[in-house]
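Structure, as structure tokens:
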Amino acid sequence: MESSELALRMTGSAPEVEGSDSAEESAQLLKRVIAGDSVAFEQIILRYERRVLMTAWRLLGHREDAQDAAQEVFLRLYKYRHHFDQKRALLPWLYRMTVNVCHDVYRKRRQEDALAAGEMDRASLAYDPGGEITRSEQRRIIEAALEALTEKERAAVVLRDIEGLTTKDVAGILGSSETTVRSQISTARVKIRKFVDKLEKKRS
Amino acid sequence: MTCLDFEKLIALDAEGDLPERKAAKLGEHLRACRNCQEFTARLQASQALLKSLAQESADEAVLQEVRQRVLGGIATDAEPHYVRAWQFTLGAALAATAVFVAVNLWHPSGPRYVARESRPPSRERPAPARTGGQSLPRAERGDARATAGETPALQRVRETSQHASTEAMSSAPTVPEHARAQTERAKQVLRERKESQGSLSASLKPRAREPLTVMLVSDDPNVVIYWLVD
């Protein structure tokens with residue numbers, strides 16, 4: 001977790017959702033990538049690496065796993081570039097691939113060790129009883145709350161609340177209906193709130 | 001609806017995901033329920049904390065590491081493809097060269113085709129469809145490995161005799177004049193050969209010779225006579 005803190009920094013602004021101009025530029029870059037232009041592929045990486053990595057980080061909770069996942073996402077993009085439907089936007093495809101890759105990583109990791117156990121304890125340690133809750137402690141609590149969610153709830157809330165996508169976009173990325181996504185989002189938000197409530201009760 | 005049911009509506013309403021009809025219903029409940037009002041405030045606080053995660057980003061070093069791994073992965077992925085293609089091309093070229101050399105240098109038992117240079121340029125009657133004369137141009141090159149010391153006529157007879165059995169059944173019938181001339185020429189060559197063998201046989205050791213076969217073609221294209229000479 002310390003390495004995660006060191007590797008994170010505040011940008012001061014939320015990532016902007018891709019506009020139509022940006023999507024058009026991405027489509028042009030993708031055409032060049034398909035034509036074999038490796039410089040264009042590097043530009044695509046530069047354009048989307050932050051979103052992909054941070055989304056993976058939120059979904060997995062570990063920097064190294066997130067790096068592996070982001071690497072896999074871009075390698076898949078390169079591998080399947082000839083099969084990519086150029087009429088579709090690149091960013092939703094990247095999000096969908098990120099969620100899929102993270103699902104594979106998460107499932108593999110869950111088989112290796114029991115993750116859920118002890119999350120509450122780790123979050124409790126983040127609190128300094130009687131002291132002010134620092135921002136890094138708050139972030140740790142939220143991260144622990146995210147890890148306590150189910151995989152689908154976490155994906156829905158990360159894409160909707162952190163990445164700032166619309167419910168419709170999230171439904172398209174996750175391959176679910178908007179009703180399902182709304183249900184997952186509301187459940188996740190309530191769970192996060194109650195997770196924080198439990199910690200506050202312990203603290204008091 | 002209970003307060004637990006309204007909690008989910010509150011969670012949706014916090015980010016504007018609640019349809020208007022349900023939002024109005026929730027508003028009515030919130031005006032009357034103090035617990036749900038408190039829960040709304042707490043949920044908005046946790047939502048603010050959750051959304052603040054969007055302001056965080058990874059260090060450039062972390063991003064650069066991923067970028068380098070991706071670009072490195074593409075490079076190593078692409079390299080074997082080119083190497084494989086190059087190796088395949090080289091292997092195919094070597095194999096083709098080996099086959100070419102083997103075909104052109106390996107002659108196990110002399111000429112494969114019989115020269116029929118005694119055939120007249122024009123035929124008296126049209127040849128049947130199953131003619132076997134396609135090998136003539138190649139046979140004109142002769143055989144560099146033919147027995148040394150033999151006269152050209154003897155070579156022709158020997159070549160004709162060695163392959164008569166395979167060529168005769170598929171070849172077109174020749175005209176009687178040509179057949180007779182060929183037979184006479186063959187008999188003469190054999191006589192000369194016997195005479196020369198007789199003079200030398202006393203001083204030379206006998207050597208193994210292949211039986212000589214002479215093909216005689218009659219007027220009837222279906223009748224072919226073979227003459228085996230020891």
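We label chains A, B, ... in the order they appear in the structure tokens, count residues from 1 in each chain, and number ligands from 1 in the order shown.
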Could you list the residues in chain B lying within 10 Å of chain A, using only C-alpha atoms, and format the result as a tab-separated table (two decimals) with N, CA and C atoms, in the first residue's frame?
chain	number	residue	atom	x	y	z
B	4	LEU	N	-34.93	1.16	4.41
B	4	LEU	CA	-33.91	0.41	3.69
B	4	LEU	C	-34.14	0.49	2.19
B	7	GLU	N	-33.02	3.82	0.99
B	7	GLU	CA	-31.57	4.03	0.96
B	7	GLU	C	-31.03	3.86	-0.46
B	8	LYS	N	-31.57	2.87	-1.18
B	8	LYS	CA	-31.09	2.65	-2.55
B	8	LYS	C	-31.49	3.80	-3.47
B	9	LEU	N	-32.68	4.33	-3.21
B	9	LEU	CA	-33.10	5.49	-4.02
B	9	LEU	C	-32.24	6.70	-3.70
B	10	ILE	N	-31.87	6.83	-2.41
B	10	ILE	CA	-31.00	7.94	-2.01
B	10	ILE	C	-29.64	7.82	-2.71
B	11	ALA	N	-29.15	6.58	-2.76
B	11	ALA	CA	-27.85	6.35	-3.41
B	11	ALA	C	-27.89	6.70	-4.89
B	12	LEU	N	-29.00	6.41	-5.54
B	12	LEU	CA	-29.12	6.77	-6.96
B	12	LEU	C	-29.31	8.28	-7.13
B	13	ASP	N	-30.09	8.85	-6.26
B	13	ASP	CA	-30.41	10.28	-6.37
B	13	ASP	C	-29.17	11.15	-6.12
B	14	ALA	N	-28.22	10.60	-5.35
B	14	ALA	CA	-27.02	11.39	-5.01
B	14	ALA	C	-26.24	11.82	-6.25
B	15	GLU	N	-26.30	11.02	-7.31
B	15	GLU	CA	-25.57	11.37	-8.55
B	15	GLU	C	-26.51	11.60	-9.72
B	17	ASP	N	-29.03	9.71	-10.78
B	17	ASP	CA	-29.40	8.52	-11.54
B	17	ASP	C	-30.85	8.08	-11.29
B	18	LEU	N	-31.57	8.82	-10.48
B	18	LEU	CA	-32.93	8.41	-10.13
B	18	LEU	C	-33.94	9.07	-11.08
B	39	PHE	N	-28.83	9.85	6.62
B	39	PHE	CA	-28.15	8.92	5.71
B	39	PHE	C	-27.79	9.61	4.40
B	40	THR	N	-28.66	10.47	3.92
B	40	THR	CA	-28.38	11.20	2.67
B	40	THR	C	-27.12	12.06	2.83
B	42	ARG	N	-24.65	11.59	4.96
B	42	ARG	CA	-23.46	10.74	5.07
B	42	ARG	C	-23.08	10.16	3.72
B	43	LEU	N	-24.08	9.76	2.95
B	43	LEU	CA	-23.79	9.17	1.65
B	43	LEU	C	-23.17	10.19	0.69
B	44	GLN	N	-23.64	11.42	0.79
B	44	GLN	CA	-23.05	12.46	-0.06
B	44	GLN	C	-21.58	12.68	0.30
B	45	ALA	N	-21.26	12.54	1.59
B	45	ALA	CA	-19.86	12.68	2.02
B	45	ALA	C	-18.99	11.56	1.48
B	46	SER	N	-19.49	10.34	1.57
B	46	SER	CA	-18.70	9.22	1.05
B	46	SER	C	-18.59	9.27	-0.47
B	47	GLN	N	-19.64	9.79	-1.10
B	47	GLN	CA	-19.57	9.93	-2.56
B	47	GLN	C	-18.52	10.96	-2.96
B	48	ALA	N	-18.45	12.02	-2.16
B	48	ALA	CA	-17.44	13.04	-2.45
B	48	ALA	C	-16.04	12.45	-2.32
B	49	LEU	N	-15.88	11.61	-1.30
B	49	LEU	CA	-14.59	10.96	-1.10
B	49	LEU	C	-14.27	10.00	-2.25
B	50	LEU	N	-15.30	9.27	-2.65
B	50	LEU	CA	-15.12	8.31	-3.74
B	50	LEU	C	-14.74	9.03	-5.04
B	51	LYS	N	-15.42	10.10	-5.32
B	51	LYS	CA	-15.17	10.83	-6.56
B	51	LYS	C	-13.82	11.55	-6.52
B	52	SER	N	-13.33	11.79	-5.31
B	52	SER	CA	-12.03	12.46	-5.23
B	52	SER	C	-10.91	11.55	-5.72
B	53	LEU	N	-11.18	10.26	-5.77
B	53	LEU	CA	-10.16	9.33	-6.28
B	53	LEU	C	-9.86	9.62	-7.75
B	54	ALA	N	-10.84	10.23	-8.42
B	54	ALA	CA	-10.63	10.54	-9.83
B	54	ALA	C	-9.53	11.57	-10.03
B	55	GLN	N	-9.23	12.35	-8.97
B	55	GLN	CA	-8.19	13.38	-9.10
B	55	GLN	C	-6.79	12.80	-8.94
B	56	GLU	N	-6.73	11.56	-8.51
B	56	GLU	CA	-5.41	10.95	-8.34
B	56	GLU	C	-4.95	10.35	-9.65
B	57	SER	N	-3.68	10.36	-9.82
B	57	SER	CA	-3.13	9.74	-11.01
B	57	SER	C	-1.83	9.05	-10.65
B	58	ALA	N	-1.41	8.18	-11.51
B	58	ALA	CA	-0.16	7.46	-11.27
B	58	ALA	C	1.02	8.35	-11.60
B	59	ASP	N	2.13	8.06	-10.96
B	59	ASP	CA	3.36	8.78	-11.28
B	59	ASP	C	3.77	8.50	-12.72
B	60	GLU	N	4.49	9.41	-13.27
B	60	GLU	CA	4.96	9.25	-14.64
B	60	GLU	C	5.85	8.01	-14.77
B	61	ALA	N	6.60	7.71	-13.71
B	61	ALA	CA	7.50	6.54	-13.78
B	61	ALA	C	6.70	5.25	-13.93
B	62	VAL	N	5.56	5.19	-13.21
B	62	VAL	CA	4.72	3.99	-13.31
B	62	VAL	C	4.14	3.86	-14.72
B	63	LEU	N	3.68	4.99	-15.25
B	63	LEU	CA	3.11	4.97	-16.60
B	63	LEU	C	4.19	4.63	-17.63
B	64	GLN	N	5.35	5.18	-17.41
B	64	GLN	CA	6.43	4.94	-18.36
B	64	GLN	C	6.84	3.46	-18.37
B	65	GLU	N	6.78	2.87	-17.20
B	65	GLU	CA	7.13	1.45	-17.11
B	65	GLU	C	6.16	0.60	-17.94
B	66	VAL	N	4.88	0.92	-17.80
B	66	VAL	CA	3.87	0.20	-18.59
B	66	VAL	C	4.11	0.42	-20.08
B	67	ARG	N	4.35	1.68	-20.43
B	67	ARG	CA	4.56	2.02	-21.85
B	67	ARG	C	5.73	1.24	-22.43
B	68	GLN	N	6.82	1.21	-21.67
B	68	GLN	CA	8.01	0.51	-22.17
B	68	GLN	C	7.75	-0.99	-22.29
B	69	ARG	N	6.99	-1.52	-21.33
B	69	ARG	CA	6.70	-2.96	-21.40
B	69	ARG	C	5.83	-3.28	-22.61
B	70	VAL	N	4.88	-2.40	-22.88
B	70	VAL	CA	4.00	-2.63	-24.04
B	70	VAL	C	4.81	-2.55	-25.33
B	71	LEU	N	5.58	-1.48	-25.48
B	71	LEU	CA	6.35	-1.30	-26.71
B	71	LEU	C	7.40	-2.40	-26.85
B	73	GLY	N	7.05	-5.40	-25.61
B	73	GLY	CA	6.29	-6.61	-25.94
B	73	GLY	C	5.95	-6.67	-27.42
B	74	ILE	N	5.62	-5.53	-27.97
B	74	ILE	CA	5.31	-5.50	-29.41
B	74	ILE	C	6.56	-5.80	-30.22
B	75	ALA	N	7.68	-5.26	-29.79
B	75	ALA	CA	8.93	-5.49	-30.53
B	75	ALA	C	9.32	-6.95	-30.51
B	77	ASP	N	7.34	-9.38	-29.96
B	77	ASP	CA	6.30	-10.15	-30.63
B	77	ASP	C	6.49	-10.08	-32.13
Review point. By how many Å are CA of Gly61 (chain A) and CA of Tyr106 (chain A) apart?
Key: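 Computing it gives 9.8 Å between the two atoms.
Note that CA of Arg191 (chain B) and CA of Val223 (chain B) are 25.4 Å apart.
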Review point. Which is closest to Val105 (chain A) among A:Glu137, A:Asp169, A:Glu151, A:Glu178, if we use only C-alpha atoms?
Key: A:Glu151
Practice item. Take CA of Val52 (chain A) and CA of Thr98 (chain A) and report the distance between them in Å, one decimal. Key: 6.5 Å
